[in-house]
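Colleague: Okay, so here is protein-v2.txt, and as you'll see once you scroll down, it has compact mmCIF, C-alpha atoms.
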```
# COMPACT_ATOMS: atom_id res chain seq x y z
CA MET A 13 72.06 113.56 104.12
CA THR A 14 71.63 117.06 102.80
CA VAL A 15 73.49 118.39 99.80
CA TRP A 16 74.67 121.55 101.55
CA LEU A 17 76.39 119.62 104.38
CA TYR A 18 78.18 117.55 101.76
CA GLY A 19 79.13 120.77 99.93
CA VAL A 20 80.49 122.37 103.12
CA VAL A 21 82.73 119.33 103.77
CA LEU A 22 84.12 119.40 100.24
CA ALA A 23 84.61 123.21 100.30
CA VAL A 24 86.53 123.08 103.62
CA ALA A 25 88.58 120.11 102.36
CA LEU A 26 89.40 122.00 99.16
CA ALA A 27 90.45 125.12 101.12
CA ALA A 28 92.69 123.00 103.38
CA ALA A 29 94.18 121.22 100.36
CA LEU A 30 94.97 124.54 98.65
CA LEU A 31 96.70 125.88 101.77
CA LEU A 32 98.74 122.67 102.06
CA VAL A 33 99.70 122.61 98.37
CA VAL A 34 100.83 126.26 98.47
CA ASP A 35 102.96 125.65 101.58
CA LEU A 36 104.30 122.42 100.12
CA VAL A 37 105.49 124.28 97.03
CA ARG A 38 107.11 126.82 99.36
CA ASP A 39 108.83 123.91 101.13
CA ARG A 40 107.16 124.67 104.48
CA ALA A 41 107.01 122.13 107.29
CA ALA A 42 103.65 121.24 108.87
CA GLN A 43 102.64 124.17 111.08
CA ASP A 44 99.83 125.60 113.22
CA SER A 45 97.79 127.02 110.33
CA HIS A 46 97.72 123.54 108.74
CA PHE A 47 96.61 121.83 111.91
CA ILE A 48 93.93 124.49 112.46
CA SER A 49 92.57 123.95 108.94
CA LEU A 50 92.41 120.20 109.55
CA ALA A 51 90.74 120.83 112.91
CA VAL A 52 88.08 122.95 111.18
CA LEU A 53 87.60 120.15 108.63
CA ASP A 54 87.24 117.62 111.43
CA VAL A 55 84.63 119.74 113.24
CA VAL A 56 82.60 119.81 110.00
CA LEU A 57 83.10 116.03 109.67
CA LEU A 58 81.84 115.56 113.23
CA GLY A 59 78.77 117.54 112.21
CA GLN A 60 78.43 115.25 109.20
CA LEU A 61 78.75 112.17 111.41
CA ILE A 62 75.91 113.38 113.65
CA GLY A 63 73.82 114.75 110.77
CA GLY A 64 74.38 111.60 108.73
CA ALA A 65 73.36 109.30 111.58
CA VAL A 66 70.17 111.33 112.16
CA ALA A 67 69.40 111.37 108.42
CA LEU A 68 69.95 107.59 108.25
CA ALA A 69 67.47 107.03 111.10
CA ARG A 70 64.84 109.14 109.33
CA THR A 71 65.30 108.12 105.71
CA GLU A 72 63.28 105.52 103.88
CA ARG A 73 65.94 105.10 101.21
CA ASP A 74 67.68 101.82 100.56
CA VAL A 75 70.95 102.69 102.33
CA GLU A 76 73.39 100.11 103.71
CA GLY A 77 73.32 101.41 107.29
CA THR A 78 76.44 99.65 108.63
CA VAL A 79 78.58 100.61 105.64
CA PHE A 80 77.29 104.19 105.71
CA VAL A 81 78.02 104.71 109.41
CA SER A 82 81.45 103.04 109.18
CA TYR A 83 82.34 105.47 106.37
CA LEU A 84 81.10 108.42 108.47
CA VAL A 85 83.28 107.30 111.39
CA THR A 86 86.32 106.53 109.20
CA VAL A 87 86.20 109.86 107.39
CA PHE A 88 86.08 111.61 110.79
CA LEU A 89 89.12 109.66 112.06
CA VAL A 90 91.34 110.18 108.98
CA PRO A 91 92.38 113.82 109.72
CA VAL A 92 93.07 112.91 113.37
CA ILE A 93 95.34 110.00 112.42
CA GLY A 94 96.96 112.08 109.67
CA ALA A 95 97.72 114.85 112.19
CA PHE A 96 99.35 112.37 114.58
CA PHE A 97 101.51 110.98 111.77
CA SER A 98 102.37 114.51 110.68
CA LEU A 99 103.39 115.64 114.20
CA ALA A 100 106.21 113.07 114.11
CA GLU A 101 107.63 114.55 110.87
CA ARG A 102 108.13 118.29 111.19
CA SER A 103 109.30 118.70 107.61
CA ARG A 104 107.59 118.84 104.23
CA VAL A 105 106.90 115.14 104.71
CA GLY A 106 104.54 116.20 107.51
CA THR A 107 102.81 118.67 105.19
CA THR A 108 102.51 115.92 102.55
CA ILE A 109 100.90 113.55 105.06
CA LEU A 110 98.30 116.21 105.93
CA LEU A 111 97.59 116.68 102.22
CA LEU A 112 97.22 112.91 101.79
CA ALA A 113 94.78 112.89 104.72
CA VAL A 114 92.67 115.66 103.12
CA ALA A 115 92.74 113.80 99.77
CA THR A 116 91.59 110.64 101.56
CA VAL A 117 88.70 112.59 103.11
CA ALA A 118 87.68 113.84 99.65
CA GLY A 119 87.84 110.29 98.23
CA LEU A 120 85.76 108.90 101.09
CA GLU A 121 83.20 111.69 100.64
CA LEU A 122 82.65 110.64 97.03
CA ARG A 123 82.05 107.04 98.13
CA LEU A 124 79.80 108.26 100.93
CA TRP A 125 77.63 110.07 98.39
CA ASP A 126 77.35 106.86 96.32
CA ILE A 127 76.40 104.82 99.37
CA TRP A 128 73.77 107.39 100.40
CA GLY A 129 72.40 107.20 96.86
CA GLY A 130 72.11 103.41 97.20
CA ARG A 131 74.85 102.55 94.71
CA HIS A 132 77.25 99.83 95.76
CA GLY A 133 80.43 98.21 94.54
CA MET B 18 122.42 91.09 110.02
CA ALA B 19 123.22 94.22 108.04
CA GLU B 20 121.57 97.43 109.16
CA LEU B 21 119.13 99.40 107.04
CA GLN B 22 120.52 102.58 105.48
CA HIS B 23 117.52 104.53 106.74
CA PRO B 24 114.77 103.61 109.25
CA LEU B 25 111.78 102.23 107.30
CA SER B 26 109.06 104.21 109.07
CA GLU B 27 110.75 107.62 109.24
CA GLY B 28 110.88 110.48 106.75
CA TRP B 29 108.99 109.66 103.55
CA GLY B 30 108.48 106.19 104.96
CA ARG B 31 105.93 107.68 107.37
CA ALA B 32 103.91 109.10 104.48
CA LEU B 33 104.08 105.66 102.83
CA VAL B 34 102.89 103.94 106.03
CA PHE B 35 99.93 106.36 106.13
CA VAL B 36 98.86 105.60 102.55
CA TYR B 37 99.38 101.84 103.00
CA GLY B 38 97.35 102.06 106.20
CA VAL B 39 94.49 103.79 104.35
CA PHE B 40 94.51 101.05 101.69
CA ALA B 41 94.71 98.32 104.32
CA VAL B 42 91.54 99.70 105.92
CA ALA B 43 89.85 100.31 102.56
CA ALA B 44 90.60 96.82 101.20
CA THR B 45 89.69 95.10 104.48
CA GLY B 46 86.41 97.02 104.63
CA ARG B 47 85.61 96.24 101.02
CA SER B 48 86.27 92.51 101.31
CA ALA B 49 84.36 92.34 104.61
CA VAL B 50 81.31 93.94 102.97
CA GLN B 51 81.60 91.80 99.82
CA LEU B 52 82.11 88.49 101.62
CA GLY B 53 79.60 89.40 104.33
CA MET B 54 76.75 90.32 101.98
CA GLU B 55 76.73 87.90 99.07
CA PRO B 56 79.94 85.85 98.89
CA ASP B 57 78.71 83.61 96.03
CA ARG B 58 78.13 86.41 93.56
CA ALA B 59 81.76 86.80 92.56
CA LEU B 60 83.87 84.42 94.61
CA LEU B 61 87.09 84.95 92.64
CA ALA B 62 86.85 88.74 92.79
CA TYR B 63 86.03 88.66 96.50
CA SER B 64 88.89 86.28 97.28
CA LEU B 65 91.23 88.65 95.46
CA SER B 66 89.82 91.56 97.48
CA LEU B 67 90.64 89.60 100.62
CA LEU B 68 94.15 88.81 99.32
CA ALA B 69 94.69 92.51 98.58
CA ALA B 70 93.55 93.37 102.10
CA VAL B 71 96.01 90.88 103.64
CA ILE B 72 98.87 92.15 101.45
CA TYR B 73 98.20 95.78 102.42
CA LEU B 74 97.96 94.84 106.10
CA VAL B 75 101.28 92.93 105.97
CA ALA B 76 103.02 95.75 104.06
CA THR B 77 101.70 98.40 106.49
CA THR B 78 102.81 96.40 109.54
CA CYS B 79 106.29 95.71 108.15
CA LEU B 80 106.86 99.31 107.06
CA LEU B 81 105.71 100.48 110.50
CA PHE B 82 107.90 98.16 112.57
CA GLY B 83 110.91 98.18 110.23
CA GLY B 84 114.14 96.32 110.88
CA THR B 85 115.86 94.02 108.40
CA THR B 86 113.17 91.32 108.76
CA GLY B 87 110.43 93.91 108.24
CA TRP B 88 112.27 95.15 105.17
CA ARG B 89 112.46 91.61 103.69
CA ILE B 90 108.80 90.75 104.32
CA ALA B 91 107.72 94.19 103.05
CA GLY B 92 109.72 93.47 99.88
CA ILE B 93 107.79 90.23 99.30
CA ALA B 94 104.43 91.86 100.10
CA VAL B 95 105.01 94.84 97.80
CA THR B 96 106.20 92.54 94.97
CA VAL B 97 103.07 90.38 95.32
CA GLU B 98 101.04 93.61 95.37
CA LEU B 99 102.66 94.77 92.12
CA LEU B 100 102.07 91.40 90.42
CA GLY B 101 98.51 91.39 91.78
CA VAL B 102 97.55 94.82 90.53
CA LEU B 103 99.15 94.15 87.11
CA SER B 104 97.54 90.73 86.60
CA VAL B 105 94.11 91.56 88.07
CA GLY B 106 94.20 94.91 86.26
CA SER B 107 94.87 93.22 82.89
CA LEU B 108 92.43 90.36 83.51
CA SER B 109 89.63 92.76 84.45
CA TYR B 110 89.90 94.24 80.96
CA LEU B 111 90.55 90.99 79.06
CA ALA B 112 88.31 88.51 80.87
CA THR B 113 85.40 90.59 82.12
CA ASP B 114 83.27 87.50 82.82
CA LEU B 115 85.74 86.46 85.54
CA PHE B 116 84.90 89.61 87.48
CA PRO B 117 81.16 90.20 87.93
CA ASP B 118 82.09 92.59 90.77
CA ARG B 119 85.10 94.80 91.33
CA THR B 120 88.18 94.36 93.49
CA VAL B 121 90.60 97.02 94.68
CA TRP B 122 92.91 96.01 91.83
CA SER B 123 90.30 95.92 89.03
CA HIS B 124 91.10 98.16 86.07
CA PHE B 125 94.48 98.95 87.69
CA GLY B 126 92.79 100.55 90.69
CA GLN B 127 90.65 102.96 88.68
CA GLY B 128 88.11 103.24 91.50
CA TYR B 129 90.88 104.50 93.76
CA GLY B 130 92.42 107.09 91.45
CA PHE B 131 94.90 104.50 90.11
CA LEU B 132 96.79 104.76 93.41
CA PRO B 133 96.94 100.94 93.77
CA LEU B 134 99.05 100.96 90.58
CA VAL B 135 101.38 103.73 91.79
CA LEU B 136 101.72 102.52 95.37
CA PRO B 137 103.84 99.36 94.77
CA PHE B 138 106.32 101.39 92.70
CA ALA B 139 106.58 103.96 95.49
CA GLY B 140 106.99 101.09 97.96
CA LEU B 141 109.76 99.41 95.94
CA ALA B 142 111.57 102.74 95.48
CA TRP B 143 111.46 103.32 99.22
CA LEU B 144 112.66 99.79 99.97
CA ARG B 145 115.52 100.27 97.51
CA HIS B 146 116.43 103.57 99.20
CA THR B 147 116.47 101.95 102.66
CA ALA B 148 118.12 98.66 101.58
CA PRO B 149 120.51 97.06 104.10
CA ARG B 150 124.18 97.90 103.58
CA ALA B 151 126.10 95.16 101.85
CA GLY B 152 128.16 92.91 104.13
```
How does the structure come out when it is put into structure tokens?

Modeller:
Amino acid sequence: MTVWLYGVVLAVALAAALLLVVDLVRDRAAQDSHFISLAVLDVVLLGQLIGGAVALARTERDVEGTVFVSYLVTVFLVPVIGAFFSLAERSRVGTTILLLAVATVAGLELRLWDIWGGRHG
Amino acid sequence: MAELQHPLSEGWGRALVFVYGVFAVAATGRSAVQLGMEPDRALLAYSLSLLAAVIYLVATTCLLFGGTTGWRIAGIAVTVELLGVLSVGSLSYLATDLFPDRTVWSHFGQGYGFLPLVLPFAGLAWLRHTAPRAG
């Protein structure tokens, strides 16, 4: 898994988080711009899922394949599930849920990097 | 049975269900990997990982479905969770030889941004807020 792909995911996640934090402070409900930013993040995560699977097939590193792929799939699903939860709460709770989803993505990315590096536990 | 003052899974409850759901998946995944790969390496730690997974799953389900029964069971689950994270958190510092590998609750959830320590307090606060009306 290349460093730049990982960097793009974190950069997009950070941008989305900033947008959400700013609108949360302004007491804004979840809105189109938020969902678009999560959609962009999810497109990048789909790219990571495909790129990660290809990289796993090619690598000779000691990577736990099943764990790695399940993380790739989970991290892709988190923004989708978060968006569904958020759609049911059109208030700042909805915005908070989107922010929690982005934070979860960031947390999973850090673990993903460890797993790719062969560190467990 | 007395009604809840506020539906469990609506408003901030929905954000809580989301976070509990994330931890349910995280703890289940962790214990599956740990018990699936080398269960004998740290049996106590891995059993506690499994217990944490079950607790998070029960809490998530109860918060999601709500009702007075859901509220009661969620109360028990969140209390066990609080006791678990406090005792495993302390023991992981005091008796390091008991834990050759980590659990979700080790070092008060340090590996998860200390959220496992914060979560039961958030859960109890929410349960208090939604508590059934007296009588």

Colleague: Leaving out range 74-77 of chain B and any residue of its chain fewer than 6 positions from it, which residues lie within 6 Å of it when counting all atoms listed in the file, given as number ranges by chain?

Modeller: B: 34, 37-38, 41, 91, 94

Colleague: Just checking: using all atoms listed in the file, which residue out of A:Val81, A:Val37, A:Ala115, A:Val24 ends up closest to Ala67 in chain A?

Modeller: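 Among A:Val81, A:Val37, A:Ala115, A:Val24, it is A:Val81 that comes nearest to Ala67 in chain A.
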
Colleague: When you draw a straight line from CA of Val105 in chain A to CA of Trp29 in chain B, how long is it in Å?

Modeller: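 If I compute the distance from CA of Val105 in chain A to CA of Trp29 in chain B, I get 6.0 Å.
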
Colleague: Sort by chain and increasing residue number a table of all residues of chain B within 8 Å of chain A, each with its closest pair of atoms and their distance in Å to one decimal, counting all atoms listed in the file, and write it as JSON lines.

Modeller:
```
{"residue": "B:Glu27", "atom": "CA", "partner": "A:Glu101", "partner_atom": "CA", "distance": 7.8}
{"residue": "B:Gly28", "atom": "CA", "partner": "A:Val105", "partner_atom": "CA", "distance": 6.5}
{"residue": "B:Trp29", "atom": "CA", "partner": "A:Val105", "partner_atom": "CA", "distance": 6.0}
{"residue": "B:Arg31", "atom": "CA", "partner": "A:Phe97", "partner_atom": "CA", "distance": 7.1}
{"residue": "B:Ala32", "atom": "CA", "partner": "A:Ile109", "partner_atom": "CA", "distance": 5.4}
{"residue": "B:Phe35", "atom": "CA", "partner": "A:Ile109", "partner_atom": "CA", "distance": 7.3}
{"residue": "B:Val36", "atom": "CA", "partner": "A:Leu112", "partner_atom": "CA", "distance": 7.5}
{"residue": "B:Val39", "atom": "CA", "partner": "A:Thr116", "partner_atom": "CA", "distance": 7.9}
{"residue": "B:Val50", "atom": "CA", "partner": "A:Val79", "partner_atom": "CA", "distance": 7.7}
{"residue": "B:Asp118", "atom": "CA", "partner": "A:Gly133", "partner_atom": "CA", "distance": 7.0}
{"residue": "B:Arg119", "atom": "CA", "partner": "A:Gly133", "partner_atom": "CA", "distance": 6.6}
{"residue": "B:Tyr129", "atom": "CA", "partner": "A:Gly119", "partner_atom": "CA", "distance": 7.9}
```

Colleague: Please report the interatomic distance between CA of Leu61 in chain A and CA of His46 in chain A in Å with one decimal.

Modeller: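 Pair CA of Leu61 in chain A / CA of His46 in chain A returns 22.3 Å.
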
Colleague: For the atom pair CA of Val135 in chain B and CA of Val42 in chain B, what is the interatomic distance in Å to one decimal place?

Modeller: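 CA of Val42 in chain B lies at a distance of 17.7 Å from CA of Val135 in chain B.
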
Colleague: Give me, as an NGL selection string, all polymer residues having an atom no more than 8 Å from Pro117 in chain B, counting all atoms listed in the file and skipping those fewer than 2 positions away in the same chain.

Modeller: :B and (58-59 or 62 or 113-115 or 119)

Colleague: So for range 51-62 of chain A, what box centre and size do we get, axis-aligned, 8 Å extra on each of the six sides, every listed atom, Å to one decimal, as lines of an AutoDock Vina configuration file?

Modeller:
```
center_x = 83.3
center_y = 117.6
center_z = 111.1
size_x = 30.8
size_y = 26.8
size_z = 21.0
```
